[in-house]
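K.L.:
Here you go, one structure.
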Amino acid sequence: MMLICGTIPQEDFPLSIGTVKFSGKSLTVGAREILCLQGTAALIGAACVTTEYLGEEPPHALLVGDRGTGKGSRLLYEYLSKNLPPLAPRVLVLHYILPVMGLMKKVCESAQRCHQKPIMIADASSMYAAKAAGLATRFDVFTPDACEMAFLADPDATHPAYMSRHLFDSDITQTPELAAKAYQNRSAARLLLVKGSVDYIVEEGKIIETITEPDIPELEAIGGTGDTITGIVAAFTSAGLELNEAAILAARANRMAGRYARAAPASRIWEIIAQLPAVFREHLCAWRGSCGEMMVATR
Amino acid sequence: MGAFGKNKKEGFEGGGLILFRNVEEAIKAEKVLKAADYMVKLVAPPPLLRKGCDLALEIALVEQTGIERLFREKDVHYVEIIPMKGSGELLEIVKVKDFGEAMMVKAGNMKLTFDKKLGTILNISGGGCPDIPYLHAELIDKKLTCAIRPRENGFTLCALMLDRAFVESLEIWNRMEKP
């Protein structure tokens with residue numbers, strides 16, 4: 001089971017857990033509908049489309065309303081800390097949750113208590129909390145952008161807003177140096193997918209792949225395009241791919257979806273997500289070198 | 001309140017410090033923040049950071065934006081909010097990327113893109129704090145000149161970075177020649 005955890009920008013949204021249905025522009029968890037906007041909703045949307053294409057079980061989501069006060073986030077941390085072992089997800093994705101170092105530690109301790117430790121993926125503020133609390137090495141995948149890569153490389157920063165200026169001045173081409181620093185400081189997950197004009201896949205400190213095509217600069221402006229990459233990585237991982245292959249395919253698919261959607265600075269994230277099935281249909285077998293068993297449902 | 005409620009201090013690591021000029025201000029600030037359900041802890045600031053008072057408040061640094069707004073509303077005086085480790089200054093630098101008909105302004109981990117002809121906000125990307133999806137929904141399609149600044153509705157450092165991008169975008173828009 002893949003469990004995606006995050007917040008929804010509706011203060012009255014109660015803590016909810018269940019499978020998710022995705023229908024174009026919105027998600028449904030239980031009886032509640034959520035618009036597919038930037039953030040955890042975009043991540044879930046991409047994960048749903050990918051699992052459906054692969055013929056896999058749809059993701060489960062643990063969601064709660066939080067507009068930034070942290071009240072919902074704290075409920076979510078509390079729930080995870082108590083219930084992760086019985087939930088026993090194979091893949092655990094932590095996303096838009098107010099970064100609270102002490103509470104992230106509780107969640108990681110709870111993950112350690114699972115019969116089999118989940119594959120741990122963090123993006124956005126959960127990645128900030130994991131790094132700031134010194135827990136990065138407990139994670140299997142982080143998906144930073146160039147700025148967040150610099151944050152991971154800064155040994156003292158607890159949030160990207162307070163990192164050293166010289167590191168913020170770095171650009172995506174300096175990812176190899178920044179990643180080396182992050183691994184040296186134990187501030188990186190086992191695998192990094194660094195999103196930018198060049199996507200870098202870094203595994204245990206070694207750059208194993210760079211992806212530059214198709215080049216769609218507009219994707220950077222569109223809210224949610226980083227979230228969708230994380231959702232695709234999680235779905236491929238949940239389907240049984242190795243992390244490095246999941247990351248490479250996710251980076252390629254996200255770029256190609258941008259091309260198919262004719263991405264523009266005003267594009268919405270659901271327009272990108274809507275293109276993923278066509279991208280998978282036309283490219284996935286070629287990218288993998290074969291149509292493996294994981295794609296039975298698509299053949 | 002649950003086992004991990006906001007007032008539980010045990011194991012609290014906030015990463016941020018609020019410095020004060022005197023003890024009375026620190027006590028008042030603690031009361032105001034606790035009443036608003038923020039997690040805080042009275043601590044002795046490190047000697048190098050001391051600004052006249054031997055009491056400081058440890059806070060979750062990411063909540064700086066909401067805390068500063070609350071202090072303005074409740075007339076709480078403080079010297080500054082700083083991280084306990086690393087760079088003591090918020091990133092001021094912004095970067096700009098021109099897409100032709102649109103302009104993207106980056107501040108820290110946040111990016112705001114606006115239409116160069118109309119001055120409307122086209123997109124917001126980056127970040128990862130829980131207030132960003134809300135601010136995204138609130139700001140998209142609004143004119144820069146009419147939109148409410150992110151720091152007025154946001155709570156986190158991501159919102160503060162978005163506010164920087166917003167202010168810079170508005171300045172660029174105001175300087176632009178209009179058709």
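In the structure tokens, chains take letters A, B, ... by order of appearance, with residues numbered from 1 within each chain and ligands from 1 in the order shown.
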Counting only C-alpha atoms, what are the residues of chain A within 6 Å of chain B, and for each of them which pair of atoms is the nearest and at what distance in Å, to one decimal? Sort the table by chain and rising number, as CSV.

P.N.:
residue,atom,partner,partner_atom,distance
A:Pro9,CA,B:Tyr134,CA,5.0
A:Gln38,CA,B:Pro133,CA,5.7
A:Gly39,CA,B:Pro133,CA,5.9
A:Arg67,CA,B:Asp131,CA,4.6
A:Gly68,CA,B:Asp131,CA,4.1
A:Tyr96,CA,B:Pro130,CA,5.4
A:Ile97,CA,B:Pro130,CA,5.9
A:Leu98,CA,B:Cys129,CA,5.9
A:Gly102,CA,B:Phe12,CA,5.8
A:Ala124,CA,B:Gly128,CA,4.1
A:Ser125,CA,B:Gly128,CA,4.8
A:Cys147,CA,B:Asn109,CA,5.8
A:Asp156,CA,B:Gly86,CA,4.6
A:Ala157,CA,B:Gly86,CA,5.7
A:Ala161,CA,B:Gly108,CA,5.6
A:Tyr162,CA,B:Leu90,CA,5.0
A:Met163,CA,B:Ser87,CA,6.0
A:Ser164,CA,B:Ser87,CA,5.7
A:Ala221,CA,B:Ser125,CA,5.9
A:Ile222,CA,B:Ser125,CA,5.8
A:Gly223,CA,B:Ser125,CA,3.9
A:Ala266,CA,B:Leu122,CA,4.9

K.L.:
Where in region 63-203 of chain A does DSSP assign strand (DSSP E), given as number ranges by chain?

P.N.:
A: 63-65, 91-94, 119-122, 141-142, 191-194, 199-203

K.L.:
Could you tell me which of B:Leu17, B:Asp54, B:Cys146, B:Val23 comes closest to Val40 (chain B) if we count only C-alpha atoms?

P.N.:
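With only C-alpha atoms as the atom set, the closest residue is B:Leu17.
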
K.L.:
Please identify all polymer residues within 12 Å of Glu25 (chain B), counting only C-alpha atoms, omitting same-chain residues fewer than 2 positions from it, and present them as a list in words.

P.N.:
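Surrounding residues, per the criterion: Ile18, Leu19, Phe20, Arg21, Asn22, Val23, Ile27, Lys28, Ala29, Glu30, Lys31, Val32, Leu42, Gly52, Cys53, Asp54, Leu55, Ala56, Leu57, Phe71, Lys74, Asp75, Val76, His77, Tyr78 and Val79 of chain B.
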
K.L.:
So that I have them on file, write out the residues from the current selection with N, CA and C atoms, as an mmCIF file, in the first residue's frame.

P.N.:
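Wrote out-v2.cif, looks like this:
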data_model
loop_
_atom_site.group_PDB
_atom_site.id
_atom_site.type_symbol
_atom_site.label_atom_id
_atom_site.label_comp_id
_atom_site.auth_asym_id
_atom_site.auth_seq_id
_atom_site.Cartn_x
_atom_site.Cartn_y
_atom_site.Cartn_z
ATOM 1 N N ILE B 18 13.040 34.404 19.527
ATOM 2 C CA ILE B 18 12.587 35.799 19.553
ATOM 3 C C ILE B 18 13.357 36.499 20.675
ATOM 4 N N LEU B 19 14.013 37.594 20.323
ATOM 5 C CA LEU B 19 14.803 38.338 21.308
ATOM 6 C C LEU B 19 14.014 39.568 21.770
ATOM 7 N N PHE B 20 14.191 39.934 23.041
ATOM 8 C CA PHE B 20 13.440 41.041 23.640
ATOM 9 C C PHE B 20 14.393 41.998 24.351
ATOM 10 N N ARG B 21 13.872 43.219 24.601
ATOM 11 C CA ARG B 21 14.681 44.202 25.335
ATOM 12 C C ARG B 21 14.561 43.996 26.849
ATOM 13 N N ASN B 22 13.388 43.522 27.309
ATOM 14 C CA ASN B 22 13.248 43.302 28.750
ATOM 15 C C ASN B 22 12.355 42.096 29.038
ATOM 16 N N VAL B 23 12.407 41.680 30.277
ATOM 17 C CA VAL B 23 11.707 40.455 30.687
ATOM 18 C C VAL B 23 10.195 40.589 30.528
ATOM 19 N N ILE B 27 7.651 37.939 28.699
ATOM 20 C CA ILE B 27 6.534 37.256 29.381
ATOM 21 C C ILE B 27 5.220 37.531 28.644
ATOM 22 N N LYS B 28 5.033 38.791 28.236
ATOM 23 C CA LYS B 28 3.794 39.142 27.518
ATOM 24 C C LYS B 28 3.708 38.360 26.195
ATOM 25 N N ALA B 29 4.830 38.290 25.514
ATOM 26 C CA ALA B 29 4.849 37.589 24.219
ATOM 27 C C ALA B 29 4.514 36.109 24.410
ATOM 28 N N GLU B 30 5.073 35.516 25.461
ATOM 29 C CA GLU B 30 4.795 34.097 25.713
ATOM 30 C C GLU B 30 3.304 33.881 25.933
ATOM 31 N N LYS B 31 2.687 34.798 26.711
ATOM 32 C CA LYS B 31 1.259 34.691 27.022
ATOM 33 C C LYS B 31 0.423 34.802 25.739
ATOM 34 N N VAL B 32 0.774 35.779 24.906
ATOM 35 C CA VAL B 32 0.030 36.002 23.663
ATOM 36 C C VAL B 32 0.150 34.784 22.745
ATOM 37 N N LEU B 42 10.277 29.415 26.933
ATOM 38 C CA LEU B 42 11.166 30.480 27.432
ATOM 39 C C LEU B 42 12.564 29.902 27.612
ATOM 40 N N GLY B 52 19.915 42.652 25.473
ATOM 41 C CA GLY B 52 19.444 43.447 26.607
ATOM 42 C C GLY B 52 18.586 42.678 27.575
ATOM 43 N N CYS B 53 18.141 41.495 27.214
ATOM 44 C CA CYS B 53 17.253 40.735 28.089
ATOM 45 C C CYS B 53 17.761 39.314 28.169
ATOM 46 N N ASP B 54 17.740 38.739 29.377
ATOM 47 C CA ASP B 54 18.265 37.380 29.489
ATOM 48 C C ASP B 54 17.178 36.329 29.349
ATOM 49 N N LEU B 55 16.067 36.711 28.726
ATOM 50 C CA LEU B 55 15.034 35.744 28.375
ATOM 51 C C LEU B 55 14.737 35.870 26.880
ATOM 52 N N ALA B 56 14.555 34.750 26.266
ATOM 53 C CA ALA B 56 14.125 34.740 24.859
ATOM 54 C C ALA B 56 13.049 33.664 24.718
ATOM 55 N N LEU B 57 12.350 33.683 23.607
ATOM 56 C CA LEU B 57 11.350 32.648 23.355
ATOM 57 C C LEU B 57 11.810 31.789 22.202
ATOM 58 N N PHE B 71 1.901 39.598 16.752
ATOM 59 C CA PHE B 71 2.541 40.622 17.593
ATOM 60 C C PHE B 71 2.100 42.030 17.177
ATOM 61 N N LYS B 74 -1.405 42.462 18.561
ATOM 62 C CA LYS B 74 -1.500 42.500 20.030
ATOM 63 C C LYS B 74 -0.521 43.487 20.644
ATOM 64 N N ASP B 75 0.130 44.271 19.803
ATOM 65 C CA ASP B 75 1.064 45.291 20.279
ATOM 66 C C ASP B 75 2.151 44.694 21.184
ATOM 67 N N VAL B 76 2.726 43.626 20.727
ATOM 68 C CA VAL B 76 3.844 43.001 21.447
ATOM 69 C C VAL B 76 5.151 43.500 20.821
ATOM 70 N N HIS B 77 6.038 43.979 21.676
ATOM 71 C CA HIS B 77 7.314 44.513 21.173
ATOM 72 C C HIS B 77 8.433 43.482 21.341
ATOM 73 N N TYR B 78 9.231 43.360 20.322
ATOM 74 C CA TYR B 78 10.360 42.432 20.372
ATOM 75 C C TYR B 78 11.484 43.025 19.536
ATOM 76 N N VAL B 79 12.677 42.497 19.712
ATOM 77 C CA VAL B 79 13.834 43.041 18.975
ATOM 78 C C VAL B 79 13.913 42.401 17.591
#

K.L.:
Name all residues at most 12 Å from Glu213 (chain A) (count only C-alpha atoms; drop same-chain ones fewer than 4 positions away) and give them as a VMD selection string.

P.N.:
chain A and resid 196 to 199 217 248 251 to 259

K.L.:
Could you give me, as a VMD selection string, the residues within 12 Å of Ala239 (chain A), counting only C-alpha atoms and dropping anything in the same chain fewer than 3 positions from it?

P.N.:
chain A and resid 1 to 2 47 50 to 59 90 to 91 232 to 236 242 to 243 245 to 246 292 to 296

K.L.:
Do you know which residues are at most 6 Å from Lys143 (chain B) counting only C-alpha atoms, after dropping those on the same chain fewer than 3 positions away, and could you put them as a list in words?

P.N.:
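The residues satisfying every condition are Gly119, Thr120, Cys146 and Ala147 of chain B.
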
K.L.:
Give me the residues within 8 Å of Ala263 (chain A) as a VMD selection string, counting only C-alpha atoms and dropping any in the same chain fewer than 2 places off.

P.N.:
chain A and resid 216 218 to 219 258 to 261 265 267 272

K.L.:
Would you mind exporting N, CA and C atoms of the selected residues as an mmCIF file, in the first residue's frame?

P.N.:
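Final output, part-v6.cif:
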data_model
loop_
_atom_site.group_PDB
_atom_site.id
_atom_site.type_symbol
_atom_site.label_atom_id
_atom_site.label_comp_id
_atom_site.auth_asym_id
_atom_site.auth_seq_id
_atom_site.Cartn_x
_atom_site.Cartn_y
_atom_site.Cartn_z
ATOM 1 N N ILE A 216 11.442 22.258 -21.286
ATOM 2 C CA ILE A 216 10.207 23.050 -21.185
ATOM 3 C C ILE A 216 10.374 24.027 -20.023
ATOM 4 N N GLU A 218 8.905 26.597 -19.105
ATOM 5 C CA GLU A 218 7.654 27.085 -18.485
ATOM 6 C C GLU A 218 7.203 26.213 -17.312
ATOM 7 N N LEU A 219 7.639 24.951 -17.299
ATOM 8 C CA LEU A 219 7.202 24.066 -16.207
ATOM 9 C C LEU A 219 7.563 24.630 -14.832
ATOM 10 N N GLY A 258 4.618 18.043 -19.980
ATOM 11 C CA GLY A 258 4.649 19.485 -20.213
ATOM 12 C C GLY A 258 4.624 19.814 -21.695
ATOM 13 N N ARG A 259 5.379 19.036 -22.457
ATOM 14 C CA ARG A 259 5.366 19.257 -23.908
ATOM 15 C C ARG A 259 3.980 18.948 -24.489
ATOM 16 N N TYR A 260 3.423 17.806 -24.098
ATOM 17 C CA TYR A 260 2.107 17.412 -24.631
ATOM 18 C C TYR A 260 1.036 18.449 -24.274
ATOM 19 N N ALA A 261 1.153 19.028 -23.092
ATOM 20 C CA ALA A 261 0.155 20.012 -22.637
ATOM 21 C C ALA A 261 0.417 21.404 -23.218
ATOM 22 N N PRO A 265 3.203 29.651 -18.987
ATOM 23 C CA PRO A 265 3.260 30.123 -17.590
ATOM 24 C C PRO A 265 1.906 30.148 -16.897
ATOM 25 N N SER A 267 -0.473 27.849 -17.395
ATOM 26 C CA SER A 267 -1.085 26.504 -17.364
ATOM 27 C C SER A 267 -1.400 26.086 -15.934
ATOM 28 N N ILE A 272 -1.332 19.323 -17.000
ATOM 29 C CA ILE A 272 -0.109 18.503 -17.125
ATOM 30 C C ILE A 272 -0.440 17.047 -16.759
#

K.L.:
Extract the full set of alpha helix (DSSP H) residues from region 36-174 of chain B according to DSSP on the backbone, and format it as number ranges by chain.

P.N.:
B: 64-74, 131-139, 150-153, 157-174

K.L.:
Any chance you could export the current selection's N, CA and C atoms as a CSV table (one decimal), in the first residue's frame?

P.N.:
chain,number,residue,atom,x,y,z
B,64,GLN,N,7.3,32.1,11.7
B,64,GLN,CA,7.6,33.5,11.9
B,64,GLN,C,6.6,34.5,11.4
B,65,THR,N,6.1,34.2,10.2
B,65,THR,CA,5.1,35.2,9.6
B,65,THR,C,3.9,35.3,10.4
B,66,GLY,N,3.3,34.2,10.8
B,66,GLY,CA,2.1,34.3,11.6
B,66,GLY,C,2.3,35.0,13.0
B,67,ILE,N,3.5,34.7,13.5
B,67,ILE,CA,3.8,35.2,14.9
B,67,ILE,C,4.0,36.7,14.8
B,68,GLU,N,4.7,37.2,13.7
B,68,GLU,CA,4.9,38.6,13.6
B,68,GLU,C,3.6,39.4,13.4
B,69,ARG,N,2.7,38.8,12.6
B,69,ARG,CA,1.4,39.4,12.4
B,69,ARG,C,0.6,39.5,13.8
B,70,LEU,N,0.7,38.4,14.5
B,70,LEU,CA,0.0,38.4,15.8
B,70,LEU,C,0.6,39.4,16.8
B,71,PHE,N,1.9,39.6,16.8
B,71,PHE,CA,2.5,40.6,17.6
B,71,PHE,C,2.1,42.0,17.2
B,72,ARG,N,1.9,42.2,15.9
B,72,ARG,CA,1.5,43.6,15.4
B,72,ARG,C,0.1,43.8,16.0
B,73,GLU,N,-0.8,42.8,15.9
B,73,GLU,CA,-2.2,42.9,16.3
B,73,GLU,C,-2.3,43.1,17.8
B,74,LYS,N,-1.4,42.5,18.6
B,74,LYS,CA,-1.5,42.5,20.0
B,74,LYS,C,-0.5,43.5,20.6
B,131,ASP,N,0.5,26.7,4.0
B,131,ASP,CA,-0.3,27.9,3.6
B,131,ASP,C,-0.2,28.2,2.1
B,132,ILE,N,0.8,27.6,1.4
B,132,ILE,CA,1.0,27.9,0.0
B,132,ILE,C,-0.1,27.5,-0.9
B,133,PRO,N,-0.6,26.3,-0.8
B,133,PRO,CA,-1.8,26.0,-1.7
B,133,PRO,C,-3.0,27.0,-1.5
B,134,TYR,N,-3.2,27.4,-0.3
B,134,TYR,CA,-4.3,28.4,0.0
B,134,TYR,C,-3.9,29.7,-0.7
B,135,LEU,N,-2.7,30.2,-0.5
B,135,LEU,CA,-2.3,31.5,-1.1
B,135,LEU,C,-2.3,31.3,-2.6
B,136,HIS,N,-2.0,30.2,-3.1
B,136,HIS,CA,-2.0,29.9,-4.6
B,136,HIS,C,-3.4,30.1,-5.1
B,137,ALA,N,-4.4,29.5,-4.4
B,137,ALA,CA,-5.8,29.6,-4.9
B,137,ALA,C,-6.3,31.0,-4.7
B,138,GLU,N,-5.9,31.7,-3.7
B,138,GLU,CA,-6.3,33.1,-3.4
B,138,GLU,C,-5.8,34.1,-4.4
B,139,LEU,N,-4.5,33.9,-4.9
B,139,LEU,CA,-3.9,34.9,-5.7
B,139,LEU,C,-4.0,34.7,-7.2
B,150,PRO,N,0.8,38.4,0.4
B,150,PRO,CA,0.9,37.0,1.1
B,150,PRO,C,1.1,37.1,2.6
B,151,ARG,N,1.9,38.0,3.0
B,151,ARG,CA,2.2,38.0,4.5
B,151,ARG,C,1.0,38.4,5.3
B,152,GLU,N,-0.1,38.9,4.7
B,152,GLU,CA,-1.3,39.2,5.4
B,152,GLU,C,-2.2,38.0,5.7
B,153,ASN,N,-2.0,37.0,4.8
B,153,ASN,CA,-2.8,35.8,4.9
B,153,ASN,C,-2.0,34.6,5.2
B,157,LEU,N,7.3,30.8,6.7
B,157,LEU,CA,8.4,31.4,6.0
B,157,LEU,C,8.3,31.3,4.5
B,158,CYS,N,7.6,30.3,4.0
B,158,CYS,CA,7.3,30.2,2.6
B,158,CYS,C,6.4,31.4,2.2
B,159,ALA,N,5.4,31.7,3.0
B,159,ALA,CA,4.6,32.8,2.7
B,159,ALA,C,5.4,34.1,2.7
B,160,LEU,N,6.4,34.2,3.6
B,160,LEU,CA,7.2,35.4,3.7
B,160,LEU,C,8.1,35.5,2.4
B,161,MET,N,8.6,34.4,1.9
B,161,MET,CA,9.3,34.4,0.7
B,161,MET,C,8.4,34.8,-0.5
B,162,LEU,N,7.2,34.2,-0.5
B,162,LEU,CA,6.2,34.6,-1.5
B,162,LEU,C,5.9,36.1,-1.5
B,163,ASP,N,5.9,36.6,-0.3
B,163,ASP,CA,5.6,38.1,-0.1
B,163,ASP,C,6.7,38.9,-0.8
B,164,ARG,N,8.0,38.4,-0.6
B,164,ARG,CA,9.1,39.1,-1.2
B,164,ARG,C,9.0,39.1,-2.8
B,165,ALA,N,8.6,37.9,-3.3
B,165,ALA,CA,8.4,37.8,-4.7
B,165,ALA,C,7.3,38.7,-5.2
B,166,PHE,N,6.2,38.7,-4.4
B,166,PHE,CA,5.0,39.5,-4.7
B,166,PHE,C,5.4,41.0,-4.8
B,167,VAL,N,6.1,41.5,-3.8
B,167,VAL,CA,6.5,42.9,-3.7
B,167,VAL,C,7.4,43.3,-4.9
B,168,GLU,N,8.4,42.4,-5.2
B,168,GLU,CA,9.3,42.7,-6.3
B,168,GLU,C,8.5,42.7,-7.6
B,169,SER,N,7.6,41.7,-7.7
B,169,SER,CA,6.8,41.7,-9.0
B,169,SER,C,6.0,43.0,-9.1
B,170,LEU,N,5.4,43.5,-8.0
B,170,LEU,CA,4.6,44.7,-8.1
B,170,LEU,C,5.5,45.9,-8.5
B,171,GLU,N,6.7,45.9,-7.9
B,171,GLU,CA,7.6,47.0,-8.3
B,171,GLU,C,8.0,46.9,-9.8
B,172,ILE,N,8.2,45.7,-10.3
B,172,ILE,CA,8.6,45.6,-11.7
B,172,ILE,C,7.4,46.0,-12.5
B,173,TRP,N,6.2,45.5,-12.2
B,173,TRP,CA,5.0,45.9,-12.9
B,173,TRP,C,4.8,47.4,-12.9
B,174,ASN,N,5.0,48.1,-11.8
B,174,ASN,CA,4.8,49.5,-11.7
B,174,ASN,C,5.8,50.3,-12.6

K.L.:
Report, in Å with one decimal, the straight-line distance from CA of Val43 (chain B) to CA of Met104 (chain A).

P.N.:
22.3 Å

K.L.:
Name the closest residue to Arg32 (chain A) among the candidates A:Leu63, A:Ala189, A:Val49, A:Ile229; distances are taken between atoms, counting only C-alpha atoms.

P.N.:
A:Leu63
